[in-house]
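This is protein.cif (mmCIF, C-alpha atoms).
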```cif
data_entry
#
loop_
_atom_site.label_atom_id
_atom_site.label_comp_id
_atom_site.auth_asym_id
_atom_site.auth_seq_id
_atom_site.Cartn_x
_atom_site.Cartn_y
_atom_site.Cartn_z
CA MET A 1 2.51 13.75 21.43
CA SER A 2 -0.05 13.55 24.15
CA SER A 3 -0.31 9.87 25.06
CA VAL A 4 1.93 6.94 25.88
CA LEU A 5 0.25 4.94 23.11
CA GLU A 6 0.99 7.63 20.52
CA LYS A 7 4.64 7.80 21.60
CA SER A 8 4.96 4.01 21.49
CA LEU A 9 3.48 3.79 17.99
CA ALA A 10 5.78 6.60 16.79
CA ILE A 11 8.80 4.60 17.95
CA ILE A 12 7.53 1.41 16.32
CA GLU A 13 6.81 3.18 13.01
CA LEU A 14 10.30 4.72 13.06
CA LEU A 15 12.02 1.39 13.75
CA VAL A 16 10.15 -0.24 10.86
CA ASP A 17 12.38 1.84 8.56
CA HIS A 18 15.56 0.91 10.47
CA PRO A 19 15.67 -2.90 10.83
CA THR A 20 19.25 -2.85 12.19
CA GLY A 21 18.20 -0.56 15.01
CA LEU A 22 18.78 2.99 16.25
CA PRO A 23 20.32 4.46 19.41
CA VAL A 24 18.00 6.04 21.95
CA SER A 25 19.31 9.52 21.15
CA ALA A 26 18.51 9.13 17.44
CA ILE A 27 15.01 7.84 18.20
CA ALA A 28 14.36 10.74 20.58
CA SER A 29 15.56 13.25 17.99
CA ALA A 30 13.47 11.74 15.19
CA ILE A 31 10.20 11.80 17.16
CA ASP A 32 11.05 15.03 19.05
CA GLN A 33 10.79 13.54 22.54
CA PRO A 34 13.09 13.63 25.60
CA VAL A 35 15.69 10.89 25.74
CA SER A 36 14.58 9.86 29.23
CA GLY A 37 10.96 9.39 28.15
CA VAL A 38 11.93 7.48 25.02
CA HIS A 39 14.16 5.20 27.08
CA ARG A 40 11.27 4.39 29.44
CA THR A 41 8.97 3.64 26.50
CA LEU A 42 11.59 1.38 24.90
CA GLN A 43 11.99 -0.51 28.15
CA GLU A 44 8.25 -1.13 28.27
CA LEU A 45 8.11 -2.16 24.60
CA GLY A 46 11.00 -4.50 25.30
CA ARG A 47 9.19 -6.04 28.26
CA LEU A 48 6.20 -6.69 25.99
CA GLY A 49 8.39 -8.27 23.32
CA TYR A 50 8.09 -5.66 20.56
CA VAL A 51 11.66 -4.30 20.64
CA ARG A 52 15.04 -5.65 21.66
CA GLN A 53 18.38 -4.13 22.43
CA VAL A 54 20.89 -5.22 19.80
CA GLN A 55 23.61 -5.37 22.44
CA ALA A 56 24.09 -4.12 25.99
CA GLN A 57 23.87 -0.31 25.99
CA GLY A 58 23.35 -0.53 22.22
CA ASP A 59 20.75 0.25 19.60
CA TYR A 60 17.11 -0.76 19.78
CA ALA A 61 15.40 -2.69 16.98
CA LEU A 62 12.03 -4.31 16.41
CA THR A 63 11.65 -7.98 17.19
CA ILE A 64 9.89 -10.36 14.81
CA LYS A 65 6.73 -10.24 16.95
CA LEU A 66 5.02 -7.38 15.12
CA PRO A 67 5.80 -8.61 11.57
CA ALA A 68 4.64 -12.08 12.58
CA MET A 69 1.37 -10.64 13.86
CA GLY A 70 0.90 -8.81 10.55
CA LEU A 71 1.56 -11.91 8.48
CA GLY A 72 -0.76 -13.90 10.72
CA PHE A 73 -3.51 -11.33 10.24
CA LEU A 74 -3.11 -11.34 6.44
CA GLY A 75 -3.29 -15.12 6.42
CA ARG A 76 -6.29 -15.42 8.73
CA ALA A 77 -8.08 -12.63 6.87
CA GLY A 78 -7.73 -14.64 3.68
CA ILE A 79 -5.84 -11.96 1.72
CA THR A 80 -2.61 -13.78 0.89
CA ASP A 81 -4.27 -17.18 0.49
CA ILE A 82 -6.54 -16.04 -2.33
CA ALA A 83 -4.28 -13.36 -3.84
CA GLN A 84 -0.80 -14.87 -3.97
CA PRO A 85 -1.50 -17.60 -6.56
CA ILE A 86 -3.07 -15.01 -8.87
CA LEU A 87 -0.15 -12.62 -8.38
CA ASP A 88 2.36 -15.39 -9.06
CA VAL A 89 0.70 -16.32 -12.36
CA LEU A 90 0.55 -12.68 -13.48
CA ALA A 91 4.21 -12.20 -12.56
CA ALA A 92 5.21 -15.21 -14.64
CA ARG A 93 3.18 -14.04 -17.62
CA SER A 94 4.34 -10.42 -17.51
CA GLY A 95 7.92 -10.95 -16.39
CA GLU A 96 7.59 -7.90 -14.11
CA LEU A 97 6.89 -6.95 -10.50
CA ILE A 98 3.27 -7.41 -9.39
CA ARG A 99 1.86 -5.61 -6.34
CA LEU A 100 -1.52 -5.79 -4.66
CA SER A 101 -2.76 -2.89 -2.55
CA VAL A 102 -5.90 -3.00 -0.43
CA ILE A 103 -8.13 -0.30 0.99
CA ASP A 104 -7.72 0.24 4.72
CA GLY A 105 -10.16 2.96 5.76
CA ASP A 106 -9.03 6.10 3.95
CA ARG A 107 -5.69 4.61 2.90
CA LEU A 108 -4.38 2.30 0.23
CA ILE A 109 -1.69 -0.12 1.48
CA TRP A 110 0.59 -2.55 -0.37
CA VAL A 111 0.13 -6.03 1.10
CA ALA A 112 1.39 -8.61 -1.40
CA VAL A 113 3.99 -8.86 -4.14
CA ALA A 114 5.29 -11.29 -6.78
CA GLN A 115 8.44 -10.85 -8.86
CA GLY A 116 8.39 -12.08 -12.44
CA ALA A 117 11.71 -10.66 -13.66
CA THR A 118 14.39 -13.33 -13.31
CA ARG A 119 17.27 -11.67 -15.15
CA GLY A 120 18.39 -8.38 -16.65
CA LEU A 121 16.89 -5.12 -15.44
CA ARG A 122 14.35 -5.52 -12.68
CA TYR A 123 12.48 -3.28 -10.29
CA ASP A 124 12.50 -4.75 -6.79
CA PRO A 125 11.56 -2.31 -3.99
CA GLY A 126 12.01 -5.01 -1.36
CA GLN A 127 10.27 -3.36 1.60
CA GLU A 128 7.01 -1.89 0.33
CA GLN A 129 4.59 -4.36 1.92
CA GLY A 130 2.73 -2.45 4.58
CA VAL A 131 3.60 0.92 3.06
CA VAL A 132 0.82 3.44 2.54
CA VAL A 133 0.55 4.13 -1.19
CA HIS A 134 1.13 7.71 -2.29
CA LEU A 135 -1.97 8.37 -4.33
CA ALA A 136 -0.96 11.16 -6.70
CA SER A 137 2.35 9.72 -7.92
CA SER A 138 1.73 5.95 -8.09
CA SER A 139 -0.22 3.96 -10.65
CA GLY A 140 -2.16 2.15 -7.91
CA GLY A 141 -3.06 5.40 -6.23
CA LYS A 142 -4.28 6.93 -9.47
CA ALA A 143 -6.22 3.77 -10.31
CA TRP A 144 -8.08 4.12 -7.01
CA LEU A 145 -8.62 7.86 -7.46
CA SER A 146 -10.01 7.23 -10.96
CA THR A 147 -12.94 5.32 -9.43
CA MET A 148 -14.05 8.45 -7.53
CA SER A 149 -15.51 11.78 -8.52
CA ASP A 150 -12.94 14.51 -9.13
CA GLU A 151 -14.08 16.23 -5.93
CA GLU A 152 -13.52 13.15 -3.77
CA ALA A 153 -10.21 12.39 -5.46
CA LEU A 154 -8.92 15.91 -4.82
CA SER A 155 -10.04 15.70 -1.21
CA ARG A 156 -8.02 12.52 -0.65
CA VAL A 157 -4.98 13.98 -2.39
CA ALA A 158 -5.22 17.14 -0.31
CA ALA A 159 -5.31 15.09 2.89
CA GLN A 160 -2.18 13.12 1.91
CA GLY A 161 -0.29 15.76 -0.06
CA LEU A 162 0.16 16.16 -3.79
CA LEU A 163 3.92 15.62 -3.70
CA ARG A 164 5.55 12.55 -2.24
CA GLN A 165 7.99 13.55 0.48
CA ALA A 166 10.69 10.99 -0.23
CA GLU A 167 14.01 10.71 -2.02
CA GLY A 168 13.93 9.20 -5.48
CA THR A 169 10.56 10.63 -6.52
CA GLY A 170 10.49 10.82 -10.31
CA PRO A 171 10.49 14.04 -12.34
CA ASN A 172 7.09 13.24 -13.90
CA ALA A 173 5.18 13.14 -10.60
CA PRO A 174 2.22 15.52 -11.07
CA ARG A 175 3.03 18.98 -9.72
CA SER A 176 -0.45 20.40 -10.18
CA LEU A 177 -3.99 19.28 -9.47
CA THR A 178 -4.97 20.13 -13.04
CA LEU A 179 -2.41 17.68 -14.42
CA LEU A 180 -3.50 15.02 -11.94
CA LEU A 181 -7.14 15.37 -12.99
CA GLU A 182 -6.09 15.01 -16.64
CA GLN A 183 -4.27 11.78 -15.78
CA LEU A 184 -7.30 10.45 -13.92
CA ALA A 185 -9.52 11.20 -16.92
CA GLU A 186 -7.06 9.32 -19.16
CA ALA A 187 -7.08 6.35 -16.75
CA ARG A 188 -10.90 6.16 -16.86
CA ALA A 189 -10.94 6.30 -20.64
CA ARG A 190 -8.10 3.81 -21.11
CA GLY A 191 -9.15 1.33 -18.43
CA TYR A 192 -5.90 1.48 -16.43
CA ALA A 193 -3.76 4.11 -14.72
CA THR A 194 -0.06 4.65 -15.42
CA ALA A 195 2.90 6.25 -13.67
CA VAL A 196 6.13 6.71 -15.62
CA ASP A 197 9.15 8.27 -13.88
CA SER A 198 6.66 9.38 -11.26
CA TYR A 199 6.61 7.37 -8.03
CA ILE A 200 10.29 6.47 -8.48
CA ALA A 201 12.66 7.79 -11.15
CA GLY A 202 13.33 5.22 -13.85
CA MET A 203 10.31 3.08 -12.98
CA ALA A 204 7.03 2.71 -14.84
CA ALA A 205 3.85 1.02 -13.68
CA MET A 206 0.25 0.40 -14.66
CA ALA A 207 -2.65 -0.46 -12.35
CA VAL A 208 -6.31 -1.42 -12.38
CA PRO A 209 -8.76 -1.19 -9.45
CA VAL A 210 -9.96 -4.50 -8.03
CA ARG A 211 -13.74 -4.60 -7.60
CA TYR A 212 -15.77 -7.15 -5.71
CA HIS A 213 -17.32 -9.45 -8.35
CA SER A 214 -15.93 -7.14 -11.05
CA ASN A 215 -18.64 -4.45 -10.73
CA GLY A 216 -19.01 -4.09 -6.97
CA PRO A 217 -17.18 -1.91 -4.42
CA VAL A 218 -13.46 -1.22 -4.92
CA LEU A 219 -11.31 -3.47 -2.71
CA GLY A 220 -7.85 -2.39 -3.79
CA CYS A 221 -5.62 -2.16 -6.86
CA LEU A 222 -3.36 -4.53 -8.78
CA SER A 223 -0.30 -3.19 -10.58
CA ILE A 224 2.52 -4.24 -12.89
CA ALA A 225 5.80 -2.34 -12.49
CA GLY A 226 9.20 -2.48 -14.09
CA PRO A 227 12.03 -0.38 -15.53
CA ALA A 228 10.71 2.48 -17.66
CA VAL A 229 12.90 1.46 -20.59
CA ARG A 230 10.98 -1.83 -20.76
CA MET A 231 7.53 -0.77 -19.55
CA THR A 232 6.76 1.43 -22.53
CA ALA A 233 3.28 2.63 -23.51
CA GLU A 234 3.14 -0.11 -26.15
CA ARG A 235 4.15 -2.78 -23.64
CA MET A 236 1.51 -1.58 -21.18
CA ALA A 237 -1.16 -1.79 -23.87
CA GLU A 238 -0.09 -5.38 -24.55
CA LEU A 239 -0.22 -6.28 -20.85
CA ALA A 240 -3.56 -4.57 -20.18
CA PRO A 241 -5.84 -7.54 -21.07
CA THR A 242 -3.76 -9.90 -18.91
CA LEU A 243 -3.80 -7.49 -15.98
CA GLN A 244 -7.54 -6.91 -16.31
CA ALA A 245 -8.19 -10.66 -16.42
CA SER A 246 -6.20 -11.12 -13.19
CA VAL A 247 -8.15 -8.28 -11.58
CA ALA A 248 -11.44 -9.94 -12.52
CA GLU A 249 -10.19 -13.21 -11.04
CA LEU A 250 -9.26 -11.45 -7.80
CA GLY A 251 -12.66 -9.80 -7.66
CA GLU A 252 -14.39 -13.17 -7.89
CA ALA A 253 -12.05 -14.81 -5.38
CA ALA A 254 -12.56 -11.99 -2.86
CA ALA A 255 -15.66 -13.74 -1.52
CA GLY A 256 -13.27 -16.11 0.25
CA SER A 257 -11.57 -13.34 2.24
CA GLN A 258 -12.96 -12.10 5.55
CA TYR A 259 -11.06 -8.83 5.09
CA PHE A 260 -12.57 -8.12 1.69
CA GLN A 261 -16.00 -9.07 2.96
CA ALA A 262 -15.58 -6.46 5.70
CA ILE A 263 -14.75 -3.80 3.09
CA VAL A 264 -17.88 -4.69 1.13
CA LYS A 265 -20.06 -4.45 4.24
CA ALA A 266 -18.52 -1.09 5.14
CA VAL A 267 -19.31 0.54 1.80
CA GLU A 268 -22.56 -1.14 0.80
CA PRO A 269 -25.75 0.35 2.26
CA ALA A 270 -27.59 -1.86 4.69
CA PRO A 271 -30.69 -3.50 3.20
CA THR A 272 -33.98 -1.94 4.18
CA THR A 273 -37.11 -3.86 5.03
CA ASP A 274 -40.70 -2.74 4.98
CA ARG A 275 -42.43 -3.16 8.27
CA LYS A 276 -46.18 -3.36 8.49
CA THR A 277 -47.99 -2.45 11.64
CA ALA A 278 -50.78 -4.70 12.76
#
```

Would it be possible to restate this file's structure as structure tokens?
Amino acid sequence: MSSVLEKSLAIIELLVDHPTGLPVSAIASAIDQPVSGVHRTLQELGRLGYVRQVQAQGDYALTIKLPAMGLGFLGRAGITDIAQPILDVLAARSGELIRLSVIDGDRLIWVAVAQGATRGLRYDPGQEQGVVVHLASSSGGKAWLSTMSDEEALSRVAAQGLLRQAEGTGPNAPRSLTLLLEQLAEARARGYATAVDSYIAGMAAMAVPVRYHSNGPVLGCLSIAGPAVRMTAERMAELAPTLQASVAELGEAAAGSQYFQAIVKAVEPAPTTDRKTA
């Protein structure tokens, strides 16, 4: 790592996955940096209020400052304000976990969730807000890829990696680009993408891309997820109209979000005007 900023962000990203904290030696080992340098960076992050020492000479953990900034951004950008009521209604109607992901440059990121399952088997990941969606193995990722040409979809998958490098990945995660392209073709024909025993073993999900005013640029994806024993192909087909109606509602409501407006401006070509010379 060549810069102080890069080293600082590496520490912050590592501590996001360890809310109870890590010792300096473990942090240094994980990011492959000298203990002395990591200690200096932690001291500076602590001075700025981003990390704290759990106890004297103890582990370092993130403070609430960064999460609070993230929540504040989502609120001021108008994402949670317009999306959460729609997610809550869909969760109640489906009885499953609802997740909204939004496009952030070249990435798809989970930003909002609503849990509809109140008893029995339930899928509850708990800490996926802010996580970059793995495109090839998740229903949301495949829903987004299905809106692109095969060439663009393969390019994005190549940049991220076909296989998800995490424990718990399901046995049905696509192991070949040919299989992935077949699944994208099925998603286009069916109107929604699916992932069964793919992103996580034992979990099934379906997702639809969210478009601005239904037929405009893609803003993100909305998904329904639950235990695979309950989220069968038949159940997904039953839920599809409800999911698609919620997606259309989100697409119309997106006009009230500054963040979504920025996405639209970024992908839509600027209007041209004819100029006449005197």

Can you list every residue of range 211-234 of chain A that has an atom at most 10 Å from range 68-90 of chain A, with its nearest atom pair and the distance in Å to one decimal, using all atoms listed in the file, ordered by chain then number, as a tab-separated table?
```
residue	atom	partner	partner_atom	distance
A:Leu222	CA	A:Leu87	CA	8.7
A:Ser223	CA	A:Leu87	CA	9.7
A:Ile224	CA	A:Leu90	CA	8.7
```

Result set of the PyMOL selection byres ((chain A and resi 213) around 10) on the coordinates above, as a VMD selection string: chain A and resid 210 to 212 214 to 218 247 to 255

Who sits within 10 Å of Arg190 in chain A, all atoms listed in the file, same chain under 4 positions skipped, as a PyMOL selection string: chain A and resi 184-186+194+237+240

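Applied to this file, the PyMOL selection byres ((chain A and resi 53) around 10) selects the residues Gly21, Leu22, Pro23, Leu42, Gln43, Gly46, Val51, Arg52, Val54, Gln55, Ala56, Gln57, Gly58, Asp59, Tyr60, Ala61, Leu62 and Thr63 of chain A.
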
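Counting from CA of Glu182 in chain A, the distance to CA of Val131 in chain A is 26.1 Å.
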
Picked residues, the PyMOL selection byres ((chain A and resi 157-171) around 6), expected as a ChimeraX atom specification: /A:136,154-156,172-173,197-201

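Using all atoms listed in the file, the shortest contact distance between Val229 in chain A and any of A:Val196, A:Ile11, A:Thr242, A:Ala262 is found at A:Val196.
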
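Closest approach to Met206 in chain A among A:Gly256, A:Pro174, A:Pro241, A:Gly116 is made by A:Pro241 (distances from only C-alpha atoms).
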
Once 4 Å is added on each side, what centre and edge lengths in Å to one decimal does the axis-aligned box around all listed atoms of range 221-229 of chain A have, as AutoDock Vina command-line options?
```
--center_x 3.6 --center_y -1.0 --center_z -13.7 --size_x 26.5 --size_y 15.0 --size_z 21.7
```

Nearest to Pro227 in chain A, chosen from A:Pro209, A:Ile31, A:Leu179, A:Ala195, with only C-alpha atoms counted in the distances: A:Ala195

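Atom to atom, CA of Ala91 in chain A and CA of Val133 in chain A stand 20.2 Å apart.
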
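Across the model, the gap from CA of Ser137 in chain A to CA of Gly202 in chain A is 13.3 Å.
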
Option closest in space to Leu100 in chain A, from A:Val16, A:Val208, A:Ala228, A:Ile64 [counting only C-alpha atoms]: A:Val208
